[in-house]
$ cat my_file_33.txt   # compact mmCIF, C-alpha atoms
# COMPACT_ATOMS: atom_id res chain seq x y z
CA MET A 236 -33.06 19.49 -8.63
CA THR A 237 -36.35 20.62 -7.14
CA GLU A 238 -39.49 20.55 -9.28
CA ASP A 239 -39.62 24.35 -9.59
CA ILE A 240 -36.00 24.54 -10.87
CA PRO A 241 -35.92 22.38 -14.02
CA LEU A 242 -32.69 21.14 -15.49
CA ARG A 243 -31.35 23.24 -18.33
CA ARG A 244 -30.72 21.59 -21.68
CA LEU A 245 -27.65 22.09 -23.81
CA ALA A 246 -28.03 23.42 -27.33
CA LEU A 247 -26.70 20.05 -28.56
CA ASN A 248 -29.17 18.02 -26.53
CA ASP A 249 -30.81 16.46 -29.61
CA LEU A 250 -27.41 15.49 -31.00
CA HIS A 251 -26.46 13.81 -27.73
CA LEU A 252 -29.68 11.78 -27.76
CA ALA A 253 -29.12 10.79 -31.39
CA LEU A 254 -25.64 9.56 -30.42
CA GLY A 255 -27.13 7.36 -27.69
CA ALA A 256 -26.00 9.46 -24.74
CA ARG A 257 -27.09 8.71 -21.20
CA LEU A 258 -28.01 12.07 -19.69
CA VAL A 259 -27.63 12.85 -15.98
CA PRO A 260 -28.16 15.97 -13.83
CA PHE A 261 -24.93 17.93 -13.39
CA ALA A 262 -24.56 21.52 -12.13
CA GLY A 263 -28.16 22.30 -13.10
CA TYR A 264 -27.93 20.83 -16.62
CA GLU A 265 -28.80 17.62 -18.38
CA MET A 266 -25.35 16.39 -19.34
CA PRO A 267 -24.13 13.36 -21.29
CA VAL A 268 -22.23 11.13 -18.88
CA GLN A 269 -21.44 8.53 -21.55
CA TYR A 270 -22.37 7.39 -25.04
CA MET A 271 -22.92 3.95 -26.54
CA ALA A 272 -19.23 2.99 -26.49
CA GLY A 273 -19.04 3.46 -22.72
CA VAL A 274 -16.70 5.40 -20.45
CA MET A 275 -13.72 3.05 -20.84
CA GLN A 276 -13.69 3.23 -24.64
CA GLU A 277 -14.34 6.98 -24.70
CA HIS A 278 -11.39 7.48 -22.36
CA LEU A 279 -9.04 5.25 -24.37
CA HIS A 280 -10.15 6.75 -27.69
CA THR A 281 -9.36 10.24 -26.38
CA ARG A 282 -5.91 9.08 -25.30
CA ALA A 283 -5.24 7.49 -28.69
CA ALA A 284 -7.05 9.84 -31.09
CA ALA A 285 -9.58 12.60 -30.25
CA GLY A 286 -12.65 12.86 -28.05
CA LEU A 287 -15.29 15.57 -28.48
CA PHE A 288 -16.84 16.88 -25.25
CA ASP A 289 -19.75 19.28 -24.85
CA VAL A 290 -18.83 21.64 -22.01
CA SER A 291 -21.41 24.32 -22.78
CA HIS A 292 -22.58 24.25 -19.17
CA MET A 293 -19.47 26.16 -18.13
CA GLY A 294 -19.63 29.92 -17.69
CA GLN A 295 -18.19 32.17 -20.39
CA VAL A 296 -17.76 35.76 -19.20
CA ILE A 297 -16.44 38.75 -21.14
CA LEU A 298 -14.82 41.62 -19.26
CA TRP A 299 -15.06 44.73 -21.43
CA PRO A 300 -12.69 47.45 -20.15
CA LYS A 301 -14.14 50.85 -19.30
CA ALA A 302 -10.78 52.54 -18.84
CA GLY A 303 -8.22 50.43 -20.66
CA MET A 304 -6.98 46.86 -20.49
CA ASP A 305 -4.08 47.71 -18.18
CA ARG A 306 -6.33 49.07 -15.48
CA LEU A 307 -8.71 46.13 -15.82
CA ALA A 308 -5.82 43.65 -15.58
CA LEU A 309 -4.68 45.16 -12.28
CA ALA A 310 -8.23 45.12 -10.95
CA LEU A 311 -8.53 41.44 -11.88
CA GLU A 312 -5.26 40.77 -10.08
CA ALA A 313 -6.98 41.95 -6.90
CA LEU A 314 -9.21 38.86 -7.22
CA VAL A 315 -6.83 36.36 -8.85
CA PRO A 316 -3.30 35.57 -7.57
CA ALA A 317 -1.91 35.30 -11.10
CA ASP A 318 0.08 37.52 -13.42
CA VAL A 319 -2.85 38.92 -15.40
CA ALA A 320 -1.09 42.21 -16.21
CA GLY A 321 1.72 40.26 -17.88
CA LEU A 322 -0.63 38.14 -19.97
CA LYS A 323 0.00 39.04 -23.61
CA PRO A 324 -2.76 39.35 -26.23
CA GLY A 325 -3.57 35.96 -27.69
CA ARG A 326 -2.59 34.08 -24.53
CA GLN A 327 -4.53 32.55 -21.64
CA ARG A 328 -3.65 31.47 -18.12
CA TYR A 329 -5.05 29.21 -15.43
CA GLY A 330 -6.13 31.12 -12.33
CA LEU A 331 -8.06 30.96 -9.08
CA PHE A 332 -10.56 33.11 -7.26
CA THR A 333 -9.51 33.10 -3.59
CA ASP A 334 -11.29 34.28 -0.46
CA THR A 335 -10.08 36.27 2.52
CA ARG A 336 -9.16 33.09 4.43
CA GLY A 337 -6.96 31.84 1.61
CA GLY A 338 -9.47 29.26 0.41
CA THR A 339 -10.43 28.71 -3.22
CA LEU A 340 -13.74 30.05 -4.56
CA ASP A 341 -13.25 28.59 -8.04
CA ASP A 342 -10.61 27.79 -10.63
CA LEU A 343 -10.81 29.35 -14.06
CA MET A 344 -9.15 30.25 -17.33
CA VAL A 345 -8.53 33.89 -18.23
CA ALA A 346 -7.63 34.92 -21.78
CA ASN A 347 -6.34 38.23 -23.11
CA CYS A 348 -8.33 38.77 -26.31
CA GLN A 349 -6.65 42.15 -26.98
CA THR A 350 -9.82 44.26 -26.63
CA HIS A 351 -11.24 42.35 -23.64
CA PHE A 352 -10.64 39.47 -21.25
CA LEU A 353 -12.54 36.21 -21.55
CA VAL A 354 -12.98 34.27 -18.31
CA VAL A 355 -14.26 30.68 -18.30
CA VAL A 356 -15.52 29.41 -14.94
CA ASN A 357 -17.06 26.23 -13.58
CA ALA A 358 -20.79 25.68 -14.11
CA ALA A 359 -21.66 25.16 -10.46
CA CYS A 360 -19.87 28.40 -9.51
CA LYS A 361 -20.79 30.70 -12.38
CA ALA A 362 -23.64 32.56 -10.66
CA ALA A 363 -21.44 33.27 -7.64
CA ASP A 364 -18.46 34.11 -9.86
CA LEU A 365 -20.51 36.56 -11.91
CA ALA A 366 -21.72 38.28 -8.75
CA HIS A 367 -18.13 38.33 -7.43
CA MET A 368 -16.77 39.93 -10.60
CA ARG A 369 -19.60 42.45 -10.86
CA ALA A 370 -19.17 43.46 -7.22
CA HIS A 371 -15.44 44.10 -7.60
CA LEU A 372 -14.82 44.92 -11.27
CA SER A 373 -17.82 47.05 -12.27
CA PRO A 374 -15.93 50.36 -11.86
CA VAL A 375 -13.43 49.26 -14.53
CA ALA A 376 -15.31 46.69 -16.60
CA GLU A 377 -18.62 45.71 -18.07
CA VAL A 378 -19.10 42.12 -16.90
CA THR A 379 -21.13 40.23 -19.52
CA GLU A 380 -22.15 36.58 -19.37
CA VAL A 381 -22.14 34.89 -22.78
CA THR A 382 -25.44 33.03 -23.14
CA ASP A 383 -25.71 32.33 -26.88
CA ARG A 384 -22.55 30.31 -27.53
CA ALA A 385 -21.85 26.61 -27.10
CA LEU A 386 -18.50 25.43 -25.77
CA LEU A 387 -16.89 22.27 -27.15
CA ALA A 388 -13.62 20.62 -26.21
CA LEU A 389 -11.69 18.47 -28.67
CA GLN A 390 -9.07 16.52 -26.75
CA GLY A 391 -6.41 14.01 -27.74
CA PRO A 392 -3.20 13.61 -29.75
CA LEU A 393 -5.05 13.71 -33.10
CA SER A 394 -7.18 16.73 -32.22
CA GLU A 395 -4.96 19.10 -34.21
CA ALA A 396 -5.15 16.97 -37.35
CA ALA A 397 -8.93 16.77 -37.11
CA LEU A 398 -9.62 20.39 -36.25
CA ALA A 399 -7.19 21.72 -38.87
CA ARG A 400 -9.41 20.30 -41.62
CA LEU A 401 -12.04 22.84 -40.60
CA LEU A 402 -9.79 25.58 -39.20
CA PRO A 403 -6.34 25.25 -40.82
CA ASP A 404 -4.70 28.02 -38.78
CA VAL A 405 -5.04 26.11 -35.49
CA ALA A 406 -1.99 24.04 -36.46
CA ARG A 407 0.16 27.07 -35.66
CA MET A 408 -1.24 27.52 -32.15
CA ARG A 409 0.93 26.81 -29.11
CA PHE A 410 -0.14 25.55 -25.70
CA MET A 411 -2.27 28.25 -24.04
CA ASP A 412 -2.72 30.29 -27.21
CA VAL A 413 -6.12 31.84 -27.96
CA THR A 414 -7.38 33.09 -31.32
CA THR A 415 -10.52 33.80 -33.31
CA GLN A 416 -11.21 31.77 -36.44
CA VAL A 417 -14.08 31.92 -38.95
CA TRP A 418 -16.15 28.94 -40.10
CA GLN A 419 -19.15 29.34 -42.38
CA GLY A 420 -19.11 33.06 -41.67
CA GLN A 421 -19.22 32.57 -37.88
CA GLU A 422 -16.58 33.53 -35.33
CA ILE A 423 -15.14 30.62 -33.35
CA TRP A 424 -13.08 31.46 -30.29
CA VAL A 425 -10.33 28.85 -30.06
CA SER A 426 -7.97 28.11 -27.18
CA ARG A 427 -5.40 25.34 -26.91
CA SER A 428 -4.98 23.82 -23.47
CA GLY A 429 -6.48 20.48 -22.44
CA TYR A 430 -7.95 19.24 -19.15
CA SER A 431 -7.40 15.64 -20.30
CA GLY A 432 -3.62 15.76 -19.99
CA GLU A 433 -3.47 15.52 -23.79
CA ASP A 434 -3.20 18.17 -26.46
CA GLY A 435 -6.58 19.77 -26.96
CA PHE A 436 -8.69 22.69 -28.11
CA GLU A 437 -11.64 24.54 -26.59
CA LEU A 438 -14.10 26.00 -29.10
CA SER A 439 -16.71 28.66 -28.33
CA LEU A 440 -19.15 29.14 -31.18
CA PRO A 441 -22.71 30.37 -31.78
CA GLU A 442 -25.32 27.85 -30.67
CA THR A 443 -26.97 28.19 -34.08
CA HIS A 444 -23.93 26.57 -35.73
CA ALA A 445 -22.84 24.20 -32.96
CA GLN A 446 -24.59 21.10 -34.29
CA ALA A 447 -23.19 21.51 -37.81
CA PHE A 448 -19.67 22.07 -36.49
CA ALA A 449 -19.85 19.16 -34.04
CA GLY A 450 -21.27 16.97 -36.80
CA ALA A 451 -18.42 17.87 -39.12
CA LEU A 452 -15.90 16.83 -36.46
CA LEU A 453 -17.73 13.63 -35.56
CA ALA A 454 -17.76 12.61 -39.22
CA MET A 455 -13.96 12.32 -39.05
CA PRO A 456 -12.54 8.88 -38.19
CA GLU A 457 -10.31 10.30 -35.43
CA VAL A 458 -13.16 11.90 -33.48
CA ALA A 459 -15.66 10.19 -31.17
CA PRO A 460 -18.09 11.70 -28.64
CA ALA A 461 -17.09 11.55 -24.98
CA GLY A 462 -19.02 12.40 -21.82
CA LEU A 463 -18.57 13.39 -18.20
CA GLY A 464 -17.40 9.93 -17.16
CA ALA A 465 -14.40 9.96 -19.48
CA ARG A 466 -13.75 13.61 -18.71
CA ASP A 467 -13.41 12.72 -15.02
CA SER A 468 -11.16 9.69 -15.50
CA LEU A 469 -8.93 11.61 -17.93
CA ARG A 470 -8.42 14.56 -15.60
CA LEU A 471 -7.81 12.19 -12.66
CA GLU A 472 -5.03 10.41 -14.55
CA ALA A 473 -3.62 13.85 -15.39
CA GLY A 474 -3.63 14.77 -11.67
CA LEU A 475 -5.89 17.77 -12.25
CA CYS A 476 -8.21 19.18 -9.60
CA LEU A 477 -12.00 19.15 -9.81
CA TYR A 478 -13.59 22.10 -8.03
CA GLY A 479 -15.84 21.10 -5.15
CA HIS A 480 -13.90 17.88 -4.70
CA ASP A 481 -10.13 18.43 -4.71
CA ILE A 482 -10.29 22.19 -4.14
CA ASP A 483 -12.84 24.27 -2.26
CA THR A 484 -13.13 27.19 0.15
CA ILE A 485 -11.24 25.22 2.83
CA THR A 486 -8.33 24.46 0.53
CA SER A 487 -5.54 26.89 -0.28
CA PRO A 488 -3.65 26.88 -3.60
CA ALA A 489 -0.48 25.81 -1.78
CA GLU A 490 -2.19 22.81 -0.18
CA ALA A 491 -3.60 21.80 -3.55
CA GLY A 492 -0.19 21.91 -5.23
CA LEU A 493 -1.28 24.82 -7.41
CA GLY A 494 1.56 27.14 -6.51
CA TRP A 495 2.65 27.03 -10.19
CA ALA A 496 -0.48 29.10 -10.96
CA ILE A 497 0.92 31.98 -8.85
CA GLN A 498 3.74 33.51 -10.85
CA PRO A 499 6.84 35.03 -9.15
CA VAL A 500 5.65 38.60 -9.77
CA ARG A 501 2.70 37.95 -7.40
CA ARG A 502 4.74 36.20 -4.71
CA ALA A 503 6.74 37.67 -1.85
CA GLY A 504 9.47 39.86 -3.31
CA GLY A 505 7.69 40.19 -6.66
CA ALA A 506 6.86 43.51 -8.28
CA ARG A 507 3.14 43.04 -7.58
CA ALA A 508 3.27 40.70 -4.61
CA GLY A 509 0.06 39.97 -2.77
CA GLY A 510 -2.94 42.24 -3.00
CA PHE A 511 -5.36 39.37 -3.56
CA PRO A 512 -7.79 37.83 -1.04
CA GLY A 513 -6.08 35.52 1.44
CA ALA A 514 -2.60 36.65 0.38
CA ASP A 515 -1.15 36.46 3.90
CA ARG A 516 -1.93 32.76 4.29
CA ILE A 517 -1.23 31.80 0.68
CA LEU A 518 2.14 33.55 0.44
CA ARG A 519 3.19 32.20 3.83
CA GLU A 520 2.31 28.64 2.79
CA LEU A 521 4.12 29.04 -0.53
CA ALA A 522 7.25 30.15 1.34
CA ASP A 523 7.14 27.79 4.35
CA GLY A 524 5.01 24.93 3.09
CA PRO A 525 1.43 24.09 4.13
CA SER A 526 0.57 21.63 6.86
CA ARG A 527 -1.10 19.24 4.40
CA LEU A 528 -0.71 18.48 0.71
CA ARG A 529 -2.70 16.98 -2.14
CA VAL A 530 -1.08 13.73 -3.23
CA GLY A 531 -1.60 10.93 -5.69
CA LEU A 532 -2.66 7.58 -4.26
CA ARG A 533 -2.21 4.06 -5.63
CA PRO A 534 -4.46 1.50 -3.91
CA GLU A 535 -3.22 -2.08 -3.94
CA GLY A 536 -5.41 -4.58 -5.76
CA ARG A 537 -8.26 -3.71 -8.12
CA ALA A 538 -10.76 -2.04 -5.78
CA PRO A 539 -10.97 1.76 -6.26
CA MET A 540 -10.92 4.11 -3.29
CA ARG A 541 -13.67 6.63 -3.95
CA GLU A 542 -14.13 10.19 -2.78
CA GLY A 543 -14.66 10.34 0.99
CA THR A 544 -12.53 7.29 1.81
CA ALA A 545 -10.75 7.89 5.12
CA LEU A 546 -6.96 7.54 5.11
CA PHE A 547 -5.03 6.13 8.09
CA HIS A 548 -1.41 5.87 9.20
CA GLY A 549 -0.33 4.02 12.33
CA GLY A 550 -3.97 3.54 13.30
CA ALA A 551 -4.75 7.29 13.26
CA ARG A 552 -6.87 8.98 10.63
CA VAL A 553 -4.64 11.36 8.68
CA GLY A 554 -6.59 12.36 5.59
CA THR A 555 -9.34 11.80 3.05
CA VAL A 556 -9.62 10.77 -0.58
CA THR A 557 -11.06 13.63 -2.66
CA SER A 558 -11.20 11.91 -6.08
CA GLY A 559 -10.86 8.26 -6.93
CA GLY A 560 -11.68 5.66 -9.54
CA PHE A 561 -10.18 3.32 -12.10
CA GLY A 562 -7.58 4.72 -14.50
CA PRO A 563 -8.21 3.06 -17.87
CA SER A 564 -4.85 4.16 -19.32
CA VAL A 565 -3.01 3.22 -16.13
CA GLY A 566 -4.82 -0.10 -15.82
CA ALA A 567 -5.30 0.24 -12.08
CA PRO A 568 -7.26 2.16 -9.45
CA ILE A 569 -5.96 5.66 -8.73
CA ALA A 570 -6.98 8.45 -6.39
CA MET A 571 -6.02 11.83 -4.96
CA GLY A 572 -6.41 13.13 -1.44
CA TYR A 573 -4.92 15.25 1.33
CA VAL A 574 -2.42 14.05 3.94
CA PRO A 575 -0.04 15.78 6.37
CA ARG A 576 3.08 17.10 4.70
CA ALA A 577 5.25 14.61 6.61
CA LEU A 578 3.37 11.76 4.91
CA ALA A 579 3.26 13.26 1.41
CA GLY A 580 6.40 11.67 0.01
CA PRO A 581 5.94 9.19 -2.86
CA GLY A 582 6.05 5.63 -1.57
CA THR A 583 4.63 6.41 1.87
CA LEU A 584 2.33 3.55 2.88
CA LEU A 585 -1.14 4.38 4.19
CA GLN A 586 -4.42 2.55 4.64
CA GLY A 587 -7.79 3.46 3.18
CA GLU A 588 -10.99 2.39 4.89
CA VAL A 589 -13.03 0.44 2.31
CA ARG A 590 -16.19 -1.30 3.57
CA SER A 591 -14.90 -1.14 7.16
CA ARG A 592 -11.58 -2.72 6.20
CA HIS A 593 -8.23 -0.93 6.13
CA MET A 594 -6.70 -1.56 2.70
CA PRO A 595 -3.12 -0.62 1.73
CA VAL A 596 -2.53 2.42 -0.46
CA ALA A 597 0.74 4.11 -1.41
CA VAL A 598 1.34 7.80 -1.94
CA SER A 599 2.25 8.47 -5.57
CA ALA A 600 3.67 11.34 -7.58
CA LEU A 601 1.30 13.24 -9.88
CA PRO A 602 0.35 12.99 -12.69
CA PHE A 603 -0.26 9.26 -13.04
CA ARG A 604 0.82 9.30 -16.70
CA PRO A 605 2.90 11.78 -18.74
CA THR A 606 1.04 14.72 -20.27
CA GLY A 607 0.92 15.37 -24.00
CA TYR A 608 0.36 19.13 -24.17
CA LYS A 609 1.56 20.96 -27.31
CA ARG A 610 4.59 23.00 -26.26

$ encode --input "my_file_33.txt" --output "structure tokens"
Amino acid sequence: MTEDIPLRRLALNDLHLALGARLVPFAGYEMPVQYMAGVMQEHLHTRAAAGLFDVSHMGQVILWPKAGMDRLALALEALVPADVAGLKPGRQRYGLFTDTRGGTLDDLMVANCQTHFLVVVNAACKAADLAHMRAHLSPVAEVTEVTDRALLALQGPLSEAALARLLPDVARMRFMDVTTQVWQGQEIWVSRSGYSGEDGFELSLPETHAQAFAGALLAMPEVAPAGLGARDSLRLEAGLCLYGHDIDTITSPAEAGLGWAIQPVRRAGGARAGGFPGADRILRELADGPSRLRVGLRPEGRAPMREGTALFHGGARVGTVTSGGFGPSVGAPIAMGYVPRALAGPGTLLQGEVRSRHMPVAVSALPFRPTGYKR
């Protein structure tokens, strides 16, 4: 960051320091990348029990309808190629903002909170996303950024057991449910999804009560703090995209393997087909297949293939690694990248250029380990 644009601090900054966090710049914030246990242990603890992540840097946006939820839902569908109109109260859905060329502006979560929609966007994109929503939705919605609430994520197979001690009703939530709970007289907005590939909850609560709530969770034996490092290795094992790396304005949802986020009602032949930016390209690629695809990659040996590693086949460059590192739960290096569709089949042998040497790497199915979402 430049000197005249200081890094923003999270409301839980003092707690992170007390826990021994190493803070790094990320999307304009000071963020904990790891704690005293280290990335490997934070990752493995989340897989086995529950990790607590501070994701308050992400954008929380409320869309208050001016002329009814139905009209707002249809207006939002003009920006997002997902079935927003069919999203029932108390449910959320993964979605994408697309541009006129069929590229991806951001990925997001949208929740139907009965009286309004709640949209959670990536930190690095939230200023642009806010402007995008205000430019297109202002006739039908009041677009309000939430600036006084922290956002925590409790992830792992024991997250329900831990969280239910404070909020008993969460035990009844299903995958992708959203609800409002009360703790010490304060509203907590709870969703159940999980970017780690495990069961998990996202918790939006007033900053004034965030430290007490986080402290109550961390006092439980199942729960340990986890930072950006573990968050990245967990989502990589789960085969999930990171915006700005695996998806961007060049990449279409079909290329990224995100066609599942575009429900049949929005596809060709559906009741509300198209009508979103880049629909011509996106719907064509969903029907006919894109020219390239995001794939999993398994390098041979122990050396990771990091983002930017060039991929070769038969001596010709055919693609690039977009995310890569060591998978603690897999016990081996893993990566994702884009290759021509003809080379996207699991088992296809490629080479990655590592320190000027071409090292073998095999295309792999995604995810790298089974998911544990609550169904």

$ atom_distance --input "my_file_33.txt" --atom1 "atom CA of A:Ile569" --atom2 "atom CA of A:Gln390"
21.3 Å

$ closest_atom_pairs --input "my_file_33.txt" --of "stretch 292-389 of chain A" --to "stretch 250-270 of chain A" --cutoff "12 Å" --atoms "only C-alpha atoms" --output "CSV"
residue,atom,partner,partner_atom,distance
A:His292,CA,A:Tyr264,CA,6.8
A:Met293,CA,A:Ala262,CA,9.1
A:Gly294,CA,A:Ala262,CA,11.2
A:Asn357,CA,A:Ala262,CA,9.0
A:Ala358,CA,A:Ala262,CA,6.0
A:Ala359,CA,A:Ala262,CA,4.9
A:Cys360,CA,A:Ala262,CA,8.7
A:Lys361,CA,A:Ala262,CA,9.9
A:Ala362,CA,A:Ala262,CA,11.2

$ atom_distance --input "my_file_33.txt" --atom1 "atom CA of A:Ala461" --atom2 "atom CA of A:Leu393"
14.7 Å

$ residues_around --input "my_file_33.txt" --residues "stretch 532-537 of chain A" --least-positions-apart "2" --cutoff "6 Å" --atoms "only C-alpha atoms" --output "PyMOL selection string"
chain A and resi 569-571+595-599

$ closest_residue --input "my_file_33.txt" --among "A:Pro581, A:Gly524, A:Pro602, A:Pro392" --to "A:Glu457" --atoms "all atoms listed in the file"
A:Pro392

$ closest_residue --input "my_file_33.txt" --among "A:Gln446, A:Gln327, A:Ser394, A:Thr557" --to "A:Tyr573" --atoms "all atoms listed in the file"
A:Thr557

$ residues_around --input "my_file_33.txt" --residues "A:Asp341" --least-positions-apart "2" --cutoff "10 Å" --atoms "all atoms listed in the file" --output "PyMOL selection string"
chain A and resi 330-334+338-339+343+356-357+359-361+363-364+477-479+482-484

$ atom_distance --input "my_file_33.txt" --atom1 "atom CA of A:Leu469" --atom2 "atom CA of A:Phe547"
26.9 Å

$ axis_aligned_box --input "my_file_33.txt" --around "stretch 542-547 of chain A" --padding-each-side "5 Å" --output "AutoDock Vina command-line options"
--center_x -9.8 --center_y 8.2 --center_z 2.7 --size_x 19.6 --size_y 14.2 --size_z 20.9

$ residues_around --input "my_file_33.txt" --residues "A:Ala508" --least-positions-apart "6" --cutoff "9 Å" --atoms "all atoms listed in the file" --output "PDB file with C-alpha atoms, keeping the file's coordinate frame"
ATOM      1  CA  PRO A 316      -3.300  35.570  -7.570  1.00  0.00           C
ATOM      2  CA  PRO A 499       6.840  35.030  -9.150  1.00  0.00           C
ATOM      3  CA  VAL A 500       5.650  38.600  -9.770  1.00  0.00           C
ATOM      4  CA  ARG A 501       2.700  37.950  -7.400  1.00  0.00           C
ATOM      5  CA  ARG A 502       4.740  36.200  -4.710  1.00  0.00           C
ATOM      6  CA  ALA A 514      -2.600  36.650   0.380  1.00  0.00           C
ATOM      7  CA  LEU A 518       2.140  33.550   0.440  1.00  0.00           C
TER       8      LEU A 518
END

$ build_atoms --input "my_file_33.txt" --residues "stretch 439-446 of chain A" --atoms "all heavy atoms" --output "short mmCIF file (atom, residue, chain, number, x, y, z; two decimals), in the coordinates of the input"
data_model
loop_
_atom_site.label_atom_id
_atom_site.label_comp_id
_atom_site.auth_asym_id
_atom_site.auth_seq_id
_atom_site.Cartn_x
_atom_site.Cartn_y
_atom_site.Cartn_z
N SER A 439 -15.47 27.94 -28.63
CA SER A 439 -16.71 28.66 -28.33
C SER A 439 -17.29 29.16 -29.64
O SER A 439 -16.62 29.88 -30.39
CB SER A 439 -16.42 29.84 -27.39
OG SER A 439 -17.59 30.61 -27.20
N LEU A 440 -18.53 28.78 -29.91
CA LEU A 440 -19.15 29.14 -31.18
C LEU A 440 -20.64 29.36 -31.00
O LEU A 440 -21.24 28.87 -30.03
CB LEU A 440 -18.89 28.05 -32.22
CG LEU A 440 -19.58 26.70 -32.07
CD1 LEU A 440 -19.50 25.93 -33.41
CD2 LEU A 440 -18.94 25.86 -30.97
N PRO A 441 -21.28 30.10 -31.92
CA PRO A 441 -22.71 30.37 -31.78
C PRO A 441 -23.51 29.07 -31.71
O PRO A 441 -23.24 28.11 -32.45
CB PRO A 441 -23.04 31.15 -33.05
CG PRO A 441 -21.75 31.78 -33.47
CD PRO A 441 -20.70 30.79 -33.09
N GLU A 442 -24.49 29.04 -30.81
CA GLU A 442 -25.32 27.85 -30.67
C GLU A 442 -25.99 27.46 -31.98
O GLU A 442 -26.21 26.27 -32.25
CB GLU A 442 -26.39 28.08 -29.60
CG GLU A 442 -25.84 28.16 -28.19
CD GLU A 442 -26.92 28.33 -27.14
OE1 GLU A 442 -28.06 28.69 -27.51
OE2 GLU A 442 -26.63 28.09 -25.95
N THR A 443 -26.29 28.45 -32.81
CA THR A 443 -26.97 28.19 -34.08
C THR A 443 -26.14 27.34 -35.03
O THR A 443 -26.68 26.70 -35.93
CB THR A 443 -27.32 29.52 -34.77
OG1 THR A 443 -26.13 30.31 -34.87
CG2 THR A 443 -28.38 30.27 -33.99
N HIS A 444 -24.82 27.32 -34.84
CA HIS A 444 -23.93 26.57 -35.73
C HIS A 444 -23.23 25.41 -35.02
O HIS A 444 -22.41 24.72 -35.61
CB HIS A 444 -22.89 27.50 -36.34
CG HIS A 444 -23.45 28.39 -37.41
ND1 HIS A 444 -24.37 29.38 -37.13
CD2 HIS A 444 -23.22 28.43 -38.75
CE1 HIS A 444 -24.68 30.00 -38.25
NE2 HIS A 444 -24.02 29.45 -39.25
N ALA A 445 -23.56 25.20 -33.75
CA ALA A 445 -22.84 24.20 -32.96
C ALA A 445 -23.07 22.78 -33.48
O ALA A 445 -22.14 21.96 -33.54
CB ALA A 445 -23.23 24.30 -31.49
N GLN A 446 -24.31 22.46 -33.85
CA GLN A 446 -24.59 21.10 -34.29
C GLN A 446 -23.88 20.79 -35.61
O GLN A 446 -23.32 19.71 -35.78
CB GLN A 446 -26.09 20.87 -34.44
CG GLN A 446 -26.43 19.44 -34.85
CD GLN A 446 -27.80 19.00 -34.42
OE1 GLN A 446 -28.33 19.46 -33.41
NE2 GLN A 446 -28.39 18.07 -35.17
#
